[in-house]
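Have a look at the structure below, then the notes.
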Amino acid sequence: MQITSHIYQVGGNSLSHPADAAIYLIRDGSSAALVDAGTGRATNDVVQNILNTGCELSFIKYLFLTHCHFDHIGGAERLRALTGCTIVAHSLDAQFIELGDCEVTAASWYGTWLSPYKVDIHIEGKHADFSVGSLQVRAHHVPGHSPGSMILTVVSDELLVLFGQDVHGPLNDALRSVRADYERSLEYMISLNADILCEGHFGIFRGKDKVRDFIESFL
């Protein structure tokens, strides 16, 4: 599903596996990146959807993991093996992936376990910037849902696109959620004044008012 001239949804729900969070492709020419990886239960479908956009697997430079929960990261290692991409996550969540912590990653919620794997780039601090062709992708640390939750922003077709994968939460002690951090992060997301929100489970919101209303609804 095409969102802008540079952005597609290639996984999630009916596009791959019902348990998968949304998976997005950012592409500019022969350089591309993925946002999240799903559970890994339908990676072949994700790969076919990527190819259907005209993007070669070898174009994929980065796989950004917005946070450590299994529905977002279970398929990451196989996608790295298939594409040669670099896996990126915030250090505060990368530790749980590399430990294979099935509680904090919520793998146990999905009736499975997480085999630990290496995260290639650990983001430290509040922001980090990456180039995907001529596009500039910025990662923003937005703790609350998990300690190392991130959102991503990129300008495409003169529109600010926000990848806010689990804007909705939930908050749970087992996930190391912190309500005060989550509320501050929601306020920060609102302040970005994005034109398009690509959420992990609730779809795509177009227009500044619709983006703001959706995020505000969780405050």
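For the structure tokens, the naming scheme is as follows: chains receive sequential letters (A, B, ...) according to their order of presentation, residues are indexed from 1 within each chain, and ligands are indexed from 1 in presentation order.
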Practice item. Mind checking which residues fall within 12 Å of A:Ser14, counting only C-alpha atoms, ignoring those fewer than 5 positions away in the same chain, and posting them as a list of chain:residue names? Key: A:Met1, A:Gln9, A:Ala19, A:Asp20, A:Ala21, A:Ala22, A:Ile23, A:Ala42, A:Asp45, A:Val46, A:Asn49, A:His201, A:Gly203
Quick one: write out the picked residues with C-alpha atoms as an mmCIF file, in the first residue's frame?
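For reference, again.cif as written:
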```cif
data_model
loop_
_atom_site.group_PDB
_atom_site.id
_atom_site.type_symbol
_atom_site.label_atom_id
_atom_site.label_comp_id
_atom_site.auth_asym_id
_atom_site.auth_seq_id
_atom_site.Cartn_x
_atom_site.Cartn_y
_atom_site.Cartn_z
ATOM 1 C CA MET A 1 0.000 0.000 0.000
ATOM 2 C CA GLN A 9 3.190 -0.300 4.023
ATOM 3 C CA ALA A 19 -0.108 -10.718 14.827
ATOM 4 C CA ASP A 20 2.324 -8.428 12.980
ATOM 5 C CA ALA A 21 2.531 -4.751 13.781
ATOM 6 C CA ALA A 22 2.644 -2.583 10.683
ATOM 7 C CA ILE A 23 5.861 -2.720 8.664
ATOM 8 C CA ALA A 42 5.009 -14.283 7.539
ATOM 9 C CA ASP A 45 4.868 -12.278 2.491
ATOM 10 C CA VAL A 46 6.704 -9.176 3.692
ATOM 11 C CA ASN A 49 5.354 -7.088 -0.743
ATOM 12 C CA HIS A 201 -1.866 -1.085 14.772
ATOM 13 C CA GLY A 203 -3.591 2.484 10.464
#
```
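Look at stretch 172-179 of chain A: the protein and nucleic acid residues within 7 Å of it, using only C-alpha atoms and passing over chain neighbours fewer than 2 places away, are Glu103, Val104, Thr105, Gly144, His145, Ser146, Pro147, Pro170, Asp181, Tyr182 and Glu183 of chain A.
Nearest to A:Val47 of all the residues A:Leu192, A:Leu114, A:Leu25, A:Leu152 is A:Leu25, counting only C-alpha atoms.
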Review point. So how far away is atom CA of A:Val142 from atom CA of A:Tyr188, in Å?
Key: 8.0 Å
Practice item. Using backbone DSSP assignments, extract all alpha helix (DSSP H) residues from stretch 43-125 of chain A; output them as a ChimeraX atom specification. Key: /A:43-52,70-73,76-83,91-99
Let's have the selection written as an mmCIF file, in the first residue's frame, with N, CA and C atoms.
```cif
data_model
loop_
_atom_site.group_PDB
_atom_site.id
_atom_site.type_symbol
_atom_site.label_atom_id
_atom_site.label_comp_id
_atom_site.auth_asym_id
_atom_site.auth_seq_id
_atom_site.Cartn_x
_atom_site.Cartn_y
_atom_site.Cartn_z
ATOM 1 N N THR A 43 7.315 -13.667 7.088
ATOM 2 C CA THR A 43 8.377 -12.879 6.465
ATOM 3 C C THR A 43 8.380 -13.040 4.950
ATOM 4 N N ASN A 44 8.023 -14.221 4.464
ATOM 5 C CA ASN A 44 7.979 -14.411 3.004
ATOM 6 C C ASN A 44 6.977 -13.455 2.355
ATOM 7 N N ASP A 45 5.850 -13.225 3.024
ATOM 8 C CA ASP A 45 4.868 -12.278 2.491
ATOM 9 C C ASP A 45 5.409 -10.855 2.519
ATOM 10 N N VAL A 46 6.103 -10.509 3.597
ATOM 11 C CA VAL A 46 6.704 -9.176 3.692
ATOM 12 C C VAL A 46 7.697 -8.972 2.556
ATOM 13 N N VAL A 47 8.528 -9.972 2.327
ATOM 14 C CA VAL A 47 9.528 -9.886 1.264
ATOM 15 C C VAL A 47 8.847 -9.708 -0.095
ATOM 16 N N GLN A 48 7.799 -10.473 -0.353
ATOM 17 C CA GLN A 48 7.107 -10.345 -1.634
ATOM 18 C C GLN A 48 6.482 -8.967 -1.784
ATOM 19 N N ASN A 49 5.926 -8.438 -0.687
ATOM 20 C CA ASN A 49 5.354 -7.088 -0.743
ATOM 21 C C ASN A 49 6.417 -6.036 -1.037
ATOM 22 N N ILE A 50 7.602 -6.202 -0.462
ATOM 23 C CA ILE A 50 8.714 -5.289 -0.756
ATOM 24 C C ILE A 50 9.057 -5.350 -2.244
ATOM 25 N N LEU A 51 9.203 -6.565 -2.756
ATOM 26 C CA LEU A 51 9.553 -6.736 -4.169
ATOM 27 C C LEU A 51 8.462 -6.171 -5.076
ATOM 28 N N ASN A 52 7.212 -6.276 -4.652
ATOM 29 C CA ASN A 52 6.101 -5.773 -5.468
ATOM 30 C C ASN A 52 6.134 -4.253 -5.622
ATOM 31 N N PHE A 70 7.711 -8.058 20.594
ATOM 32 C CA PHE A 70 7.861 -9.157 19.641
ATOM 33 C C PHE A 70 7.122 -8.932 18.324
ATOM 34 N N ASP A 71 5.950 -8.282 18.381
ATOM 35 C CA ASP A 71 5.199 -8.063 17.145
ATOM 36 C C ASP A 71 5.875 -7.061 16.221
ATOM 37 N N HIS A 72 6.915 -6.406 16.718
ATOM 38 C CA HIS A 72 7.693 -5.456 15.921
ATOM 39 C C HIS A 72 9.084 -5.986 15.559
ATOM 40 N N ILE A 73 9.598 -6.948 16.324
ATOM 41 C CA ILE A 73 11.019 -7.312 16.163
ATOM 42 C C ILE A 73 11.278 -8.806 15.927
ATOM 43 N N ALA A 76 13.165 -9.667 12.636
ATOM 44 C CA ALA A 76 14.297 -8.811 12.253
ATOM 45 C C ALA A 76 15.514 -9.590 11.796
ATOM 46 N N GLU A 77 15.860 -10.647 12.512
ATOM 47 C CA GLU A 77 17.101 -11.353 12.164
ATOM 48 C C GLU A 77 16.995 -12.006 10.788
ATOM 49 N N ARG A 78 15.838 -12.555 10.456
ATOM 50 C CA ARG A 78 15.687 -13.162 9.133
ATOM 51 C C ARG A 78 15.725 -12.101 8.035
ATOM 52 N N LEU A 79 15.109 -10.947 8.287
ATOM 53 C CA LEU A 79 15.171 -9.872 7.289
ATOM 54 C C LEU A 79 16.604 -9.387 7.100
ATOM 55 N N ARG A 80 17.376 -9.331 8.175
ATOM 56 C CA ARG A 80 18.784 -8.947 8.021
ATOM 57 C C ARG A 80 19.537 -9.980 7.178
ATOM 58 N N ALA A 81 19.253 -11.267 7.418
ATOM 59 C CA ALA A 81 19.926 -12.312 6.643
ATOM 60 C C ALA A 81 19.575 -12.229 5.161
ATOM 61 N N LEU A 82 18.344 -11.848 4.860
ATOM 62 C CA LEU A 82 17.890 -11.789 3.474
ATOM 63 C C LEU A 82 18.347 -10.533 2.745
ATOM 64 N N THR A 83 18.541 -9.445 3.493
ATOM 65 C CA THR A 83 18.813 -8.149 2.853
ATOM 66 C C THR A 83 20.223 -7.620 3.106
ATOM 67 N N SER A 91 19.313 1.997 22.612
ATOM 68 C CA SER A 91 20.078 1.133 23.515
ATOM 69 C C SER A 91 19.237 0.613 24.675
ATOM 70 N N LEU A 92 18.277 1.401 25.146
ATOM 71 C CA LEU A 92 17.487 0.996 26.304
ATOM 72 C C LEU A 92 16.546 -0.173 25.996
ATOM 73 N N ASP A 93 16.238 -0.385 24.718
ATOM 74 C CA ASP A 93 15.462 -1.557 24.327
ATOM 75 C C ASP A 93 16.330 -2.630 23.680
ATOM 76 N N ALA A 94 17.425 -2.229 23.056
ATOM 77 C CA ALA A 94 18.312 -3.203 22.411
ATOM 78 C C ALA A 94 18.802 -4.252 23.402
ATOM 79 N N GLN A 95 19.008 -3.844 24.650
ATOM 80 C CA GLN A 95 19.506 -4.786 25.656
ATOM 81 C C GLN A 95 18.558 -5.975 25.841
ATOM 82 N N PHE A 96 17.254 -5.750 25.764
ATOM 83 C CA PHE A 96 16.299 -6.832 25.972
ATOM 84 C C PHE A 96 16.243 -7.766 24.765
ATOM 85 N N ILE A 97 16.488 -7.223 23.574
ATOM 86 C CA ILE A 97 16.576 -8.052 22.373
ATOM 87 C C ILE A 97 17.817 -8.937 22.444
ATOM 88 N N GLU A 98 18.924 -8.347 22.820
ATOM 89 C CA GLU A 98 20.182 -9.098 22.848
ATOM 90 C C GLU A 98 20.230 -10.106 23.982
ATOM 91 N N LEU A 99 19.414 -9.911 25.007
ATOM 92 C CA LEU A 99 19.299 -10.895 26.087
ATOM 93 C C LEU A 99 18.258 -11.970 25.785
#
```
Point to revise | Gap from atom CA of A:Ser108 to atom CA of A:Thr39 - Å, one decimal | key: 12.2 Å
Practice item. Would you kindly return, as JSON, numbers by chain, each protein, DNA or RNA residue with an atom no farther than 7 Å from any atom of stretch 157-160 of chain A, considering only C-alpha atoms and excluding same-chain residues fewer than 5 positions away? Key: {"A": [4, 5, 194, 195, 196]}
Review point. Could you pull out the strand (DSSP E or B) residues of stretch 119-149 of chain A from DSSP and send them as a ChimeraX atom specification?
Key: /A:121-123,127-132,135-141
